[in-house]
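A.B. asks: My structure is in protein_16.cif, and what it holds is mmCIF, C-alpha atoms:
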data_target
#
loop_
_atom_site.label_atom_id
_atom_site.label_comp_id
_atom_site.auth_asym_id
_atom_site.auth_seq_id
_atom_site.Cartn_x
_atom_site.Cartn_y
_atom_site.Cartn_z
CA MET A 142 0.00 0.00 0.00
CA SER A 143 1.26 3.49 -0.83
CA ARG A 144 2.16 5.75 2.06
CA LEU A 145 -0.58 8.07 3.26
CA ARG A 146 -0.20 11.77 2.78
CA PRO A 147 -0.05 13.75 6.04
CA ALA A 148 -3.60 15.14 5.60
CA ASP A 149 -4.99 11.67 4.85
CA ALA A 150 -3.13 10.15 7.79
CA GLU A 151 -4.56 12.80 10.10
CA ARG A 152 -8.12 12.15 8.88
CA ARG A 153 -7.60 8.43 9.33
CA ALA A 154 -6.33 8.89 12.89
CA GLN A 155 -9.45 10.88 13.75
CA ARG A 156 -11.81 8.09 12.69
CA PRO A 157 -13.46 6.21 15.59
CA ASP A 158 -12.23 2.80 14.36
CA SER A 159 -9.10 3.88 12.51
CA ALA A 160 -7.24 0.61 13.16
CA ASN A 161 -9.78 -1.34 11.10
CA PHE A 162 -10.32 1.26 8.38
CA SER A 163 -9.30 0.05 4.91
CA GLU A 164 -7.73 2.95 3.05
CA ALA A 165 -7.43 0.91 -0.15
CA LEU A 166 -11.14 0.05 -0.15
CA ALA A 167 -12.08 3.68 0.55
CA ARG A 168 -9.91 4.86 -2.32
CA GLY A 169 -11.38 2.29 -4.69
CA LEU A 170 -14.92 3.28 -3.83
CA GLY A 171 -13.95 6.94 -4.20
CA VAL A 172 -12.77 6.23 -7.74
CA LEU A 173 -15.99 4.37 -8.54
CA VAL A 174 -18.33 7.14 -7.38
CA ALA A 175 -16.29 9.83 -9.15
CA PHE A 176 -18.10 8.88 -12.37
CA ASP A 177 -21.42 10.67 -12.85
CA ASP A 178 -23.62 12.22 -15.52
CA GLU A 179 -21.07 14.99 -16.14
CA ARG A 180 -18.03 12.68 -15.99
CA ARG A 181 -19.15 9.60 -17.84
CA ARG A 182 -15.75 8.85 -19.35
CA MET A 183 -12.46 9.87 -17.76
CA THR A 184 -8.75 9.34 -18.24
CA LEU A 185 -6.48 8.32 -15.39
CA SER A 186 -5.50 11.96 -14.95
CA ASP A 187 -9.16 13.04 -14.87
CA VAL A 188 -9.92 10.54 -12.13
CA ALA A 189 -6.84 11.50 -10.13
CA ARG A 190 -7.98 15.14 -10.16
CA ALA A 191 -11.55 14.21 -9.30
CA VAL A 192 -10.61 12.16 -6.23
CA ASP A 193 -7.46 14.12 -5.32
CA LEU A 194 -5.23 11.05 -5.19
CA PRO A 195 -1.80 10.26 -6.66
CA ARG A 196 -1.81 8.84 -10.19
CA ALA A 197 -0.10 5.62 -9.04
CA THR A 198 -2.84 5.00 -6.49
CA VAL A 199 -5.58 5.73 -9.02
CA ARG A 200 -3.90 3.48 -11.61
CA ARG A 201 -4.08 0.50 -9.23
CA ALA A 202 -7.70 1.25 -8.33
CA LEU A 203 -8.70 1.54 -11.99
CA ALA A 204 -6.93 -1.69 -12.92
CA THR A 205 -8.65 -3.51 -10.06
CA LEU A 206 -12.10 -2.17 -10.96
CA VAL A 207 -11.57 -3.12 -14.61
CA GLU A 208 -10.51 -6.63 -13.56
CA LEU A 209 -13.62 -6.95 -11.37
CA GLY A 210 -15.84 -5.76 -14.21
CA TYR A 211 -17.08 -2.48 -12.68
CA LEU A 212 -15.18 -0.36 -15.22
CA GLU A 213 -14.13 -0.86 -18.80
CA ALA A 214 -11.29 0.80 -20.67
CA GLU A 215 -11.54 2.31 -24.14
CA GLY A 216 -8.03 3.36 -24.99
CA ARG A 217 -7.12 5.97 -22.36
CA LEU A 218 -10.72 6.43 -21.24
CA PHE A 219 -12.56 4.56 -18.50
CA ARG A 220 -16.29 4.28 -17.95
CA LEU A 221 -18.71 2.41 -15.70
CA THR A 222 -20.20 -0.91 -16.74
CA PRO A 223 -23.69 -2.26 -15.96
CA ARG A 224 -22.15 -4.38 -13.21
CA VAL A 225 -22.27 -1.38 -10.85
CA LEU A 226 -26.04 -1.85 -10.86
CA LYS A 227 -25.49 -4.95 -8.73
CA LEU A 228 -24.47 -2.65 -5.88
CA ALA A 229 -27.61 -0.55 -6.18
CA GLY A 230 -29.73 -3.63 -6.79
CA ALA A 231 -28.51 -5.23 -3.57
CA TYR A 232 -29.69 -2.19 -1.62
CA LEU A 233 -33.05 -1.98 -3.35
CA THR A 234 -33.85 -5.66 -2.91
CA SER A 235 -32.65 -5.88 0.69
CA ASN A 236 -34.16 -2.62 1.92
CA PRO A 237 -37.79 -3.12 3.00
CA VAL A 238 -38.52 0.60 2.63
CA SER A 239 -37.88 0.63 -1.11
CA SER A 240 -39.66 -2.68 -1.73
CA ILE A 241 -42.74 -1.53 0.21
CA LEU A 242 -42.90 1.92 -1.31
CA GLN A 243 -42.37 1.22 -5.02
CA PRO A 244 -45.94 -0.13 -5.36
CA VAL A 245 -47.20 2.92 -3.45
CA CYS A 246 -45.48 5.24 -5.92
CA GLU A 247 -46.96 3.37 -8.85
CA ARG A 248 -50.48 3.50 -7.40
CA LEU A 249 -50.29 7.21 -6.56
CA CYS A 250 -48.80 8.00 -9.97
CA GLN A 251 -51.73 6.29 -11.67
CA GLN A 252 -54.23 7.95 -9.34
CA VAL A 253 -53.07 11.57 -9.79
CA GLY A 254 -51.38 11.32 -13.18
CA ALA A 255 -48.13 12.80 -11.92
CA SER A 256 -44.68 11.58 -10.90
CA CYS A 257 -44.34 10.11 -7.44
CA SER A 258 -41.07 9.41 -5.60
CA VAL A 259 -39.64 8.21 -2.32
CA ALA A 260 -36.27 9.43 -1.06
CA VAL A 261 -34.03 8.78 1.92
CA LEU A 262 -31.40 10.97 3.49
CA ASP A 263 -27.83 10.32 2.42
CA GLY A 264 -25.50 12.90 3.93
CA ASP A 265 -26.69 16.30 2.76
CA GLU A 266 -28.68 14.92 -0.17
CA ALA A 267 -32.00 13.21 -0.73
CA VAL A 268 -31.58 10.13 -2.90
CA MET A 269 -34.55 8.52 -4.65
CA ILE A 270 -35.09 4.85 -3.86
CA ALA A 271 -38.50 4.42 -5.51
CA ARG A 272 -40.15 6.32 -8.36
CA ALA A 273 -43.04 6.09 -10.79
CA VAL A 274 -43.87 8.42 -13.66
CA PRO A 275 -46.91 8.63 -15.96
CA SER A 276 -46.44 7.54 -19.55
CA ARG A 277 -47.81 10.89 -20.65
CA PRO A 278 -46.70 13.62 -20.37
CA PRO A 279 -43.03 12.65 -20.71
CA ALA A 280 -41.33 11.76 -17.44
CA MET A 281 -39.63 14.61 -15.64
CA GLY A 282 -36.23 14.33 -14.01
CA LEU A 283 -34.41 11.09 -13.46
CA GLY A 284 -35.23 7.88 -11.67
CA VAL A 285 -34.02 5.74 -8.80
CA GLY A 286 -30.64 6.94 -7.59
CA TYR A 287 -31.26 10.57 -8.55
CA ARG A 288 -30.00 13.00 -5.91
CA LEU A 289 -31.48 16.28 -4.79
CA PRO A 290 -30.10 18.93 -2.43
CA VAL A 291 -31.82 18.81 0.94
CA PHE A 292 -32.15 22.54 1.49
CA CYS A 293 -34.19 23.44 -1.61
CA SER A 294 -36.18 20.32 -2.52
CA ALA A 295 -39.52 19.19 -1.11
CA LEU A 296 -38.19 15.68 -0.46
CA GLY A 297 -35.12 17.12 1.22
CA ARG A 298 -37.01 19.50 3.48
CA ALA A 299 -39.45 16.77 4.46
CA LEU A 300 -36.49 14.57 5.42
CA ALA A 301 -34.68 17.39 7.24
CA SER A 302 -37.78 18.19 9.27
CA GLY A 303 -37.29 14.90 11.11
CA LEU A 304 -33.77 15.73 12.26
CA PRO A 305 -33.22 16.63 15.91
CA ASP A 306 -32.52 20.34 16.34
CA THR A 307 -28.82 19.72 17.04
CA GLU A 308 -28.41 17.77 13.79
CA LEU A 309 -30.42 20.34 11.83
CA ASP A 310 -28.26 23.15 13.18
CA ALA A 311 -25.10 21.22 12.32
CA TYR A 312 -26.37 20.68 8.78
CA LEU A 313 -27.16 24.36 8.34
CA ALA A 314 -23.78 25.35 9.77
CA ARG A 315 -21.91 23.39 7.09
CA LEU A 316 -24.36 24.21 4.31
CA ARG A 317 -23.14 26.35 1.42
CA PRO A 318 -26.40 27.09 -0.43
CA GLU A 319 -26.21 27.24 -4.21
CA ARG A 320 -28.77 29.07 -6.32
CA PHE A 321 -30.10 26.49 -8.78
CA THR A 322 -32.90 28.71 -10.12
CA ARG A 323 -34.06 32.29 -9.64
CA GLN A 324 -36.48 31.01 -7.00
CA THR A 325 -33.97 29.09 -4.90
CA VAL A 326 -33.93 30.29 -1.30
CA ILE A 327 -30.32 30.57 -0.13
CA ALA A 328 -30.69 32.57 3.10
CA LYS A 329 -30.05 30.11 5.93
CA PRO A 330 -32.64 31.61 8.33
CA GLU A 331 -35.30 31.21 5.63
CA ILE A 332 -34.18 27.66 4.87
CA ARG A 333 -34.39 26.75 8.56
CA LYS A 334 -37.81 28.38 8.82
CA ALA A 335 -39.08 26.39 5.82
CA ILE A 336 -37.82 23.11 7.29
CA ILE A 337 -39.28 23.81 10.73
CA GLU A 338 -42.58 24.76 9.07
CA VAL A 339 -42.83 21.21 7.73
CA ARG A 340 -43.10 19.95 11.31
CA ARG A 341 -46.18 22.12 11.83
CA LYS A 342 -47.90 21.63 8.47
CA GLY A 343 -46.88 18.05 7.89
CA TYR A 344 -45.77 18.70 4.31
CA ALA A 345 -43.22 20.65 2.26
CA LEU A 346 -44.20 22.51 -0.91
CA VAL A 347 -41.35 23.67 -3.11
CA ASP A 348 -41.94 25.59 -6.31
CA GLN A 349 -39.07 25.48 -8.83
CA GLU A 350 -36.28 25.96 -6.29
CA ALA A 351 -34.29 22.83 -7.10
CA GLU A 352 -35.11 22.74 -10.81
CA VAL A 353 -36.96 24.97 -13.26
CA GLY A 354 -40.29 23.46 -14.25
CA ILE A 355 -40.74 21.26 -11.17
CA ARG A 356 -43.28 21.95 -8.42
CA SER A 357 -43.25 19.32 -5.69
CA ILE A 358 -45.04 18.49 -2.46
CA ALA A 359 -43.65 15.94 0.00
CA VAL A 360 -44.38 14.45 3.42
CA PRO A 361 -42.09 12.64 5.88
CA LEU A 362 -42.61 8.91 6.28
CA CYS A 363 -42.16 7.65 9.83
CA ARG A 364 -41.81 4.08 11.02
CA PHE A 365 -43.92 2.50 13.76
CA ASP A 366 -42.00 4.23 16.58
CA GLY A 367 -42.27 7.67 15.00
CA LYS A 368 -38.73 7.90 13.63
CA PRO A 369 -38.59 9.42 10.12
CA VAL A 370 -37.08 7.02 7.58
CA ALA A 371 -38.03 8.46 4.19
CA ALA A 372 -40.12 11.06 2.37
CA LEU A 373 -42.86 10.67 -0.24
CA ASN A 374 -43.64 13.27 -2.90
CA ILE A 375 -45.74 14.15 -5.91
CA GLY A 376 -44.11 16.32 -8.57
CA VAL A 377 -45.74 18.24 -11.42
CA GLN A 378 -45.00 20.88 -14.00
CA PRO A 379 -46.22 24.25 -12.66
CA GLU A 380 -48.68 24.76 -15.51
CA GLN A 381 -50.32 21.40 -14.78
CA VAL A 382 -51.45 21.86 -11.19
CA PRO A 383 -51.67 25.12 -9.17
CA ALA A 384 -49.89 25.23 -5.82
CA LYS A 385 -53.20 25.74 -4.02
CA THR A 386 -54.58 22.57 -5.58
CA MET A 387 -51.52 20.60 -4.51
CA ILE A 388 -52.00 21.77 -0.92
CA ALA A 389 -55.75 21.13 -0.96
CA ASP A 390 -55.75 17.77 -2.78
CA TYR A 391 -52.28 16.22 -2.76
CA ALA A 392 -51.19 17.05 0.80
CA PRO A 393 -54.11 15.15 2.43
CA LEU A 394 -53.54 12.24 0.04
CA LEU A 395 -49.85 12.00 0.92
CA LEU A 396 -50.52 12.38 4.64
CA GLN A 397 -53.09 9.60 4.44
CA GLU A 398 -50.54 7.33 2.74
CA ALA A 399 -47.93 8.23 5.38
CA ALA A 400 -50.30 7.28 8.18
CA ALA A 401 -51.20 3.97 6.52
CA LEU A 402 -47.54 3.08 5.96
CA LYS A 403 -46.38 3.78 9.49
CA ALA A 404 -46.99 0.26 10.76
CA GLN A 405 -45.20 -1.32 7.78
CA LEU A 406 -41.94 0.62 7.99
CA VAL A 407 -39.27 -0.79 10.27
#
So, in terms of structure tokens, how does the structure I just supplied come out?
C.D. replies:
Amino acid sequence: MSRLRPADAERRAQRPDSANFSEALARGLGVLVAFDDERRRMTLSDVARAVDLPRATVRRALATLVELGYLEAEGRLFRLTPRVLKLAGAYLTSNPVSSILQPVCERLCQQVGASCSVAVLDGDEAVMIARAVPSRPPAMGLGVGYRLPVFCSALGRALASGLPDTELDAYLARLRPERFTRQTVIAKPEIRKAIIEVRRKGYALVDQEAEVGIRSIAVPLCRFDGKPVAALNIGVQPEQVPAKTMIADYAPLLLQEAAALKAQLV
């Protein structure tokens, strides 16, 4: 194994179980997740810059991932292979939340004629683990695995509303809000107010803050003991359904689903 850089060694020493932490595995996973929709194909140098690791370290990680079938090489370029879906598939099939809620999304989608999604909290992002879209109009956004910022999305705010105050304050302290649209709220006091408001109303309504052309309403999903585990939303194009209609019709529908699901979520 290559010698750790001083900054990496310091971070490793600060980990609770540093003696059992595998630096090689962490680096390999870091290389794997460096590929995304904006970096679909990368050279060794591209990956090294993306993960901030020495070229020699990245070369070994790339060679290993190619050998295992998670990456393939085309000349100097590397890209993901379908085998990475086994990692996501393992989560989706083993997680009872996603298996329970996919049919719910499909039923709601058919009922209201709009996209319906479930997301869980992953760090400072909301990641979709179940999703259904109507055949017409064309589906908006992406599907399972799509990530949204917590601070300006309905799913994210619904998830953040379940955080204890200390965790919410810590999240806001490290948050560096980015303006995704002209309507994105980036003032931290306003973001906190919007998240806290979800606790009172029971739902989050976000109008084109995370993405132009998307109006979304979401509710937290709590398990049997009251702990939030996910969020459920309905998303539309603004010209399809007025915000008042979403509050009047969709919020009660989502809250009803959340109440019915409480006993099933563990």
A.B. asks: Using all atoms listed in the file for the distances, tell me which of A:Ala202, A:Ala328, A:Met387, A:Met183 is nearest to Glu164 of chain A.
C.D. replies: A:Ala202
A.B. asks: Name the residues that the PyMOL selection byres ((chain A and resi 335) around 12) picks from the file above, as a PDB file with C-alpha atoms, in the coordinates of the input, using the file's chain letters and numbers.
C.D. replies:
ATOM      1  CA  VAL A 291     -31.820  18.810   0.940  1.00  0.00           C
ATOM      2  CA  PHE A 292     -32.150  22.540   1.490  1.00  0.00           C
ATOM      3  CA  CYS A 293     -34.190  23.440  -1.610  1.00  0.00           C
ATOM      4  CA  SER A 294     -36.180  20.320  -2.520  1.00  0.00           C
ATOM      5  CA  ALA A 295     -39.520  19.190  -1.110  1.00  0.00           C
ATOM      6  CA  GLY A 297     -35.120  17.120   1.220  1.00  0.00           C
ATOM      7  CA  ARG A 298     -37.010  19.500   3.480  1.00  0.00           C
ATOM      8  CA  ALA A 299     -39.450  16.770   4.460  1.00  0.00           C
ATOM      9  CA  ALA A 301     -34.680  17.390   7.240  1.00  0.00           C
ATOM     10  CA  SER A 302     -37.780  18.190   9.270  1.00  0.00           C
ATOM     11  CA  VAL A 326     -33.930  30.290  -1.300  1.00  0.00           C
ATOM     12  CA  ILE A 327     -30.320  30.570  -0.130  1.00  0.00           C
ATOM     13  CA  ALA A 328     -30.690  32.570   3.100  1.00  0.00           C
ATOM     14  CA  LYS A 329     -30.050  30.110   5.930  1.00  0.00           C
ATOM     15  CA  PRO A 330     -32.640  31.610   8.330  1.00  0.00           C
ATOM     16  CA  GLU A 331     -35.300  31.210   5.630  1.00  0.00           C
ATOM     17  CA  ILE A 332     -34.180  27.660   4.870  1.00  0.00           C
ATOM     18  CA  ARG A 333     -34.390  26.750   8.560  1.00  0.00           C
ATOM     19  CA  LYS A 334     -37.810  28.380   8.820  1.00  0.00           C
ATOM     20  CA  ILE A 336     -37.820  23.110   7.290  1.00  0.00           C
ATOM     21  CA  ILE A 337     -39.280  23.810  10.730  1.00  0.00           C
ATOM     22  CA  GLU A 338     -42.580  24.760   9.070  1.00  0.00           C
ATOM     23  CA  VAL A 339     -42.830  21.210   7.730  1.00  0.00           C
ATOM     24  CA  ARG A 340     -43.100  19.950  11.310  1.00  0.00           C
ATOM     25  CA  ARG A 341     -46.180  22.120  11.830  1.00  0.00           C
ATOM     26  CA  LYS A 342     -47.900  21.630   8.470  1.00  0.00           C
ATOM     27  CA  GLY A 343     -46.880  18.050   7.890  1.00  0.00           C
ATOM     28  CA  TYR A 344     -45.770  18.700   4.310  1.00  0.00           C
ATOM     29  CA  ALA A 345     -43.220  20.650   2.260  1.00  0.00           C
ATOM     30  CA  LEU A 346     -44.200  22.510  -0.910  1.00  0.00           C
ATOM     31  CA  VAL A 347     -41.350  23.670  -3.110  1.00  0.00           C
TER      32      VAL A 347
END
A.B. asks: Can you spell out as number ranges by chain the set of residues that the PyMOL selection byres ((chain A and resi 254) around 10) selects in the structure I just provided?
C.D. replies: A: 248-253, 255-257, 274-278, 375-377
A.B. asks: Convert the output of the PyMOL selection byres ((chain A and resi 380) around 12) on the shown file into explicit residues, formatted as a PDB file with C-alpha atoms, in the coordinates of the input.
C.D. replies:
ATOM      1  CA  ASP A 348     -41.940  25.590  -6.310  1.00  0.00           C
ATOM      2  CA  GLN A 349     -39.070  25.480  -8.830  1.00  0.00           C
ATOM      3  CA  VAL A 353     -36.960  24.970 -13.260  1.00  0.00           C
ATOM      4  CA  GLY A 354     -40.290  23.460 -14.250  1.00  0.00           C
ATOM      5  CA  ILE A 355     -40.740  21.260 -11.170  1.00  0.00           C
ATOM      6  CA  ARG A 356     -43.280  21.950  -8.420  1.00  0.00           C
ATOM      7  CA  GLY A 376     -44.110  16.320  -8.570  1.00  0.00           C
ATOM      8  CA  VAL A 377     -45.740  18.240 -11.420  1.00  0.00           C
ATOM      9  CA  GLN A 378     -45.000  20.880 -14.000  1.00  0.00           C
ATOM     10  CA  PRO A 379     -46.220  24.250 -12.660  1.00  0.00           C
ATOM     11  CA  GLN A 381     -50.320  21.400 -14.780  1.00  0.00           C
ATOM     12  CA  VAL A 382     -51.450  21.860 -11.190  1.00  0.00           C
ATOM     13  CA  PRO A 383     -51.670  25.120  -9.170  1.00  0.00           C
ATOM     14  CA  ALA A 384     -49.890  25.230  -5.820  1.00  0.00           C
ATOM     15  CA  THR A 386     -54.580  22.570  -5.580  1.00  0.00           C
TER      16      THR A 386
END
A.B. asks: Please, what distance in Å, to one decimal, runs between atom CA of Val225 of chain A and atom CA of Asp177 of chain A?
C.D. replies: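 One can read the atom CA of Val225 of chain A to atom CA of Asp177 of chain A distance as 12.2 Å.
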A.B. asks: So which residues touch Thr184 of chain A within 12 Å, counting all atoms listed in the file, skipping near sequence neighbours fewer than 6 positions away, as a PyMOL selection string?
C.D. replies: chain A and resi 172+175-176+190-191+196+199-200+203+213-220
A.B. asks: Which distance in Å separates atom CA of Leu396 of chain A and atom CA of Asn374 of chain A, to one decimal?
C.D. replies: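 Atom CA of Asn374 of chain A lies at a distance of 10.2 Å from atom CA of Leu396 of chain A.
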A.B. asks: If we count all atoms listed in the file, what is near Gly286 of chain A at a cut-off of 10 Å, once residues fewer than 3 positions away on the same chain are taken out, given as a list of chain:residue names?
C.D. replies: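 That gives A:Ala229, A:Ala260, A:Ala267, A:Val268, A:Met269, A:Ile270, A:Ala271, A:Arg272, A:Leu283, A:Leu289.
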A.B. asks: Counting all atoms listed in the file, which of A:Gly169, A:Leu221, A:Gly264, A:Leu185 gets nearest to Leu316 of chain A?
C.D. replies: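 Of the candidates, the smallest distance to Leu316 of chain A is held by A:Gly264.
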